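> Got a structure here, written out as structure tokens. Questions coming.
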Amino acid sequence: MNAVGLRKSIRSAADERAPARPDPAWDWQVAPRHGDTDAVTARAAWAKRIAWRLAHPEAWRAELAQLAYFDPAYTYDEGHEYWWDRTTDPHLSTDIRHWILDEDGFVSLQPYRHAPLLLAMNFVLRAMLGNRVEREAEVHFDSDFGGRAGMYTEKGHPVSQVEPDLVVLPRELLLLEDAERNREGRTMRLDRGHPIPELVLEILSPITRTKDVRGKLHLYADLGIAEYLTCDPGGEPEPDVPAELQFFRLQPDGHYRQDEDAPAYFSTVCDTHVRLWQPDTGCPPRFQWWDAGQGRWRDQAADAEYERERYNREREAERERHNRELRAIRLEVAVDPLHKLLPDRVAPADRDRIEEAWRRDGPPADAVDRILAVRQSPAEWRSLLRIPNEDQTGE
């Protein structure tokens with residue numbers, strides 16, 4: 001957002017419920033969080049901080065230089081906050097936390113669904129494409145691209161660097177699965193001829209989604225990135241706000257065309273369908289891909305459930321094999337003495353019928369005891385070795 005757009009946003013976003021004037025007791029140098037003060041005061045303090053930075057560029061630069069992550073080549077935005085342990089600048093690639101600065105001048109943590117969804121999407125894309133997917137990579141480009149996309153710092157400098165949540169690198173940059181890229185490997189200098197990412201994915205903040213989409217939609221198309229996905233995690237500002245996935249495909253004319261709303265989108269880069277699945281708005285959304293070989297939708301949770309079910313099936317099959325082996329052993333333990341110990345007590349035809357019944361229905365648990373009892377009382381063999389479900393009257 002440039003200076004004119006910021007001032008217009010501050011004027012147009014006035015909160016009717018807030019007091020007409022900012023709280024004079026609030027220290028304008030402090031960036032408030034929601035609940036600290038009212039929106040009018042937060043916007044006024046934000047405007048004063050911006051005005052001071054614009055009026056005192058050298059003093060502000062000296063403050064920035066004290067930060068451990070200070071990069072003299074980076075174009076810092078007077079409209080954002082830079083603390084020692086966090087920043088609200090979404091384009092700055094650092095190892096510190098990124099916070100959100102909304103249009104009312106309040107700062108806040110990333111939405112609770114942002115981080116787990118980012119990890120889940122990274123897992124899915126890597127499962128499909130291997131180790132050519134990177135989180136929060138630096139993408140540098142000529143400032144003309146930032147200007148054409150309408151992306152400026154507060155002082156009017158066009159943006160020349162962004163930090164997408166996820167990028168898919170070209171195939172020639174694929175690494176082994178367990179290899180890690182250092183910062184240089186995660187830095188794409190498109191202004192120096194580095195290969196262009198094939199796909200970019202951004203997870204939107206509910207309070208900055210419009211700004212995030214508008215500028216980057218033009219920027220990524222102008223850079224020639226084949227596919228651009230945006231994901232609104234939902235759940236904020238209201239719990240029942242559903243998650244939403246938007247899919248943009250680069251056209252021959254150099255512009256993106258948004259695929260119509262659908263349960264799933266076919267990604268040429270991924271060579272399969274992808275979707276954002278949310279069975280209920282109270283549940284976190286799940287980014288999934290269609291595995292034609294396995295005939296199912298996959299993500300980390302689905303894979304874990306699939307493995308649990310497969311393990312349970314294998315355990316059940318193993319138990320069944322074990323039970324069959326036990327039954328076979330018990331059968332042979334019963335059938336062998338039936339013929340060896342009773343050749344002169346029970347007629348062969350009767351022993352055969354008993355064996356047939358035992359093989360069909362299983363022998364009695366105490367079959368050997370019964371056989372030994374028949375040796376002592378041959379006349380009672382019918383009651384001791386009775387064949388189930390068969391009338392055994394008379395000799």
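Each chain in the structure tokens gets a letter, A, B and so on, in the order shown; residues start at 1 in every chain, and ligands are counted from 1 in the order they appear.
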Quick one: pick out all alpha helix (DSSP H) residues within range 100-257 of chain A from a backbone DSSP run and write them as a PyMOL selection string.
chain A and resi 114-129+143-148+209-223
> Can you pull out the residues contacting range 343-345 of chain A? Cut-off 10 Å, using only C-alpha atoms, and skip same-chain residues under 4 positions away; I want them as a list of chain:residue names.
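Neighbouring residues, sequence-local ones excluded: A:Pro337, A:Leu338, A:His339, A:Arg351, A:Val374, A:Arg375, A:Gln376, A:Ser377, A:Pro378, A:Ala379, A:Trp381.
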> Which residue out of A:Met151, A:Asn182, A:Leu223, A:Ala73 has the minimum interatomic distance to Val139 in chain A when only C-alpha atoms are used?
A:Leu223
> Tell me, in Å to one decimal, how far CA of Glu63 in chain A is from CA of Trp84 in chain A.
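Separating CA of Glu63 in chain A from CA of Trp84 in chain A is a distance of 10.3 Å.
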> Residues within 7 Å of range 88-101 of chain A, please, as a ChimeraX atom specification. Count only C-alpha atoms; anything in the same chain fewer than 2 positions from it doesn't count.
/A:69,80-82,85-86,103,105-110,136,138,161-163
> Nearest to Glu356 in chain A among A:Val368, A:Ala317, A:Val335, A:Ala221, with distances taken over only C-alpha atoms: which residue is it?
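With only C-alpha atoms as the atom set, the closest residue is A:Val335.
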> Smallest atom-to-atom distance to Glu154 in chain A: which of A:Arg214, A:Arg53, A:Arg135, A:His140, using only C-alpha atoms?
A:Arg53
> When you draw a straight line from CA of Pro284 in chain A to CA of Arg113 in chain A, how long is it in Å?
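It comes out at 6.9 Å.
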> Residues at most 10 Å from Asp23 in chain A, counting only C-alpha atoms, excluding those fewer than 3 positions away in the same chain, as a PyMOL selection string?
chain A and resi 19-20+26-28+37-38+40-42+44-45
> Name the residues in contact with Leu125 in chain A at a cut-off of 12 Å, using only C-alpha atoms, excluding same-chain residues fewer than 2 positions from it; report them as a ChimeraX atom specification.
/A:118-123,127-135,166-169,199-201,267,269-275,287-290,298-300
> Limited to N, CA and C atoms, could you put the picked residues into a file as a short mmCIF file (atom, residue, chain, number, x, y, z; two decimals), in the first residue's frame?

```
data_model
loop_
_atom_site.label_atom_id
_atom_site.label_comp_id
_atom_site.auth_asym_id
_atom_site.auth_seq_id
_atom_site.Cartn_x
_atom_site.Cartn_y
_atom_site.Cartn_z
N LEU A 118 0.19 -24.16 7.23
CA LEU A 118 1.41 -24.02 6.43
C LEU A 118 2.23 -25.30 6.47
N LEU A 119 2.38 -25.88 7.64
CA LEU A 119 3.12 -27.13 7.77
C LEU A 119 2.43 -28.26 7.00
N ALA A 120 1.10 -28.30 7.10
CA ALA A 120 0.36 -29.36 6.41
C ALA A 120 0.45 -29.21 4.90
N MET A 121 0.38 -27.99 4.39
CA MET A 121 0.49 -27.77 2.95
C MET A 121 1.89 -28.10 2.46
N ASN A 122 2.88 -27.77 3.25
CA ASN A 122 4.26 -28.11 2.89
C ASN A 122 4.42 -29.63 2.79
N PHE A 123 3.83 -30.37 3.73
CA PHE A 123 3.89 -31.83 3.69
C PHE A 123 3.25 -32.37 2.42
N ALA A 127 5.08 -34.31 -0.59
CA ALA A 127 4.69 -35.68 -0.89
C ALA A 127 4.47 -35.86 -2.38
N MET A 128 3.97 -34.84 -3.04
CA MET A 128 3.73 -34.91 -4.48
C MET A 128 5.00 -34.65 -5.30
N LEU A 129 5.77 -33.65 -4.90
CA LEU A 129 6.82 -33.11 -5.78
C LEU A 129 8.23 -33.33 -5.26
N GLY A 130 8.38 -33.88 -4.08
CA GLY A 130 9.71 -34.10 -3.55
C GLY A 130 10.32 -32.84 -2.96
N ASN A 131 11.62 -32.86 -2.75
CA ASN A 131 12.32 -31.77 -2.08
C ASN A 131 12.65 -30.64 -3.06
N ARG A 132 11.62 -30.06 -3.61
CA ARG A 132 11.76 -28.82 -4.36
C ARG A 132 10.68 -27.82 -3.93
N VAL A 133 10.18 -28.02 -2.72
CA VAL A 133 9.19 -27.14 -2.12
C VAL A 133 9.85 -26.44 -0.94
N GLU A 134 9.74 -25.11 -0.90
CA GLU A 134 10.38 -24.35 0.16
C GLU A 134 9.39 -23.42 0.85
N ARG A 135 9.55 -23.31 2.17
CA ARG A 135 8.74 -22.39 2.96
C ARG A 135 9.43 -21.04 3.05
N LEU A 166 4.82 -20.56 0.50
CA LEU A 166 5.39 -21.77 -0.11
C LEU A 166 5.67 -21.51 -1.58
N VAL A 167 6.78 -22.04 -2.06
CA VAL A 167 7.08 -21.98 -3.48
C VAL A 167 7.50 -23.37 -3.95
N VAL A 168 7.16 -23.67 -5.21
CA VAL A 168 7.62 -24.90 -5.84
C VAL A 168 8.70 -24.52 -6.85
N LEU A 169 9.91 -24.99 -6.59
CA LEU A 169 11.04 -24.67 -7.45
C LEU A 169 11.03 -25.53 -8.71
N LEU A 199 5.14 -22.65 -8.94
CA LEU A 199 3.89 -22.47 -8.19
C LEU A 199 4.19 -21.70 -6.92
N VAL A 200 3.27 -20.81 -6.56
CA VAL A 200 3.37 -20.06 -5.31
C VAL A 200 2.07 -20.24 -4.55
N LEU A 201 2.19 -20.43 -3.25
CA LEU A 201 1.00 -20.58 -2.40
C LEU A 201 1.10 -19.60 -1.25
N SER A 267 -4.05 -29.29 -10.83
CA SER A 267 -2.82 -28.53 -10.92
C SER A 267 -1.90 -29.18 -11.95
N VAL A 269 1.18 -28.27 -12.44
CA VAL A 269 2.48 -28.41 -11.78
C VAL A 269 2.52 -29.71 -10.97
N CYS A 270 1.44 -29.98 -10.24
CA CYS A 270 1.39 -31.19 -9.40
C CYS A 270 0.94 -32.42 -10.17
N ASP A 271 0.37 -32.21 -11.37
CA ASP A 271 -0.13 -33.29 -12.22
C ASP A 271 -1.20 -34.12 -11.50
N THR A 272 -2.01 -33.47 -10.71
CA THR A 272 -3.12 -34.14 -10.05
C THR A 272 -4.06 -33.08 -9.50
N HIS A 273 -5.17 -33.54 -8.92
CA HIS A 273 -6.12 -32.62 -8.31
C HIS A 273 -5.71 -32.30 -6.88
N VAL A 274 -5.98 -31.08 -6.46
CA VAL A 274 -5.77 -30.66 -5.07
C VAL A 274 -7.07 -30.05 -4.58
N ARG A 275 -7.24 -30.05 -3.27
CA ARG A 275 -8.45 -29.46 -2.71
C ARG A 275 -8.18 -29.03 -1.27
N PHE A 287 -5.51 -29.49 3.49
CA PHE A 287 -5.10 -29.40 2.09
C PHE A 287 -4.72 -30.81 1.63
N GLN A 288 -5.36 -31.29 0.56
CA GLN A 288 -5.17 -32.67 0.15
C GLN A 288 -4.87 -32.77 -1.33
N TRP A 289 -4.28 -33.90 -1.72
CA TRP A 289 -4.04 -34.21 -3.13
C TRP A 289 -4.57 -35.60 -3.44
N TRP A 290 -4.97 -35.77 -4.70
CA TRP A 290 -5.56 -37.03 -5.13
C TRP A 290 -4.46 -37.95 -5.63
N ARG A 298 -5.12 -37.61 -0.10
CA ARG A 298 -4.02 -37.75 0.86
C ARG A 298 -3.63 -36.42 1.49
N ASP A 299 -3.32 -36.48 2.76
CA ASP A 299 -2.61 -35.44 3.48
C ASP A 299 -1.95 -36.13 4.67
N GLN A 300 -1.31 -35.39 5.53
CA GLN A 300 -0.58 -36.02 6.63
C GLN A 300 -1.51 -36.80 7.55
#
```
> DSSP on the backbone: which residues in range 273-311 of chain A end up as strand (DSSP E or B)? Give the answer as a PDB file with C-alpha atoms, in the first residue's frame.

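Once everything was written out, this is selection.pdb:
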```pdb
ATOM      1  CA  HIS A 273      -6.120 -32.616  -8.308  1.00  0.00           C
ATOM      2  CA  VAL A 274      -5.769 -30.663  -5.073  1.00  0.00           C
ATOM      3  CA  ARG A 275      -8.451 -29.456  -2.707  1.00  0.00           C
ATOM      4  CA  LEU A 276      -9.072 -27.809   0.647  1.00  0.00           C
ATOM      5  CA  TRP A 277     -11.298 -30.125   2.665  1.00  0.00           C
ATOM      6  CA  ARG A 286      -6.997 -29.893   5.360  1.00  0.00           C
ATOM      7  CA  PHE A 287      -5.102 -29.401   2.093  1.00  0.00           C
ATOM      8  CA  GLN A 288      -5.174 -32.670   0.152  1.00  0.00           C
ATOM      9  CA  TRP A 289      -4.038 -34.212  -3.129  1.00  0.00           C
ATOM     10  CA  TRP A 290      -5.557 -37.034  -5.125  1.00  0.00           C
ATOM     11  CA  ASP A 291      -3.352 -40.122  -5.346  1.00  0.00           C
ATOM     12  CA  ARG A 296      -7.730 -41.765  -2.237  1.00  0.00           C
ATOM     13  CA  TRP A 297      -7.262 -38.181  -1.050  1.00  0.00           C
ATOM     14  CA  ARG A 298      -4.025 -37.749   0.860  1.00  0.00           C
TER      15      ARG A 298
END
```
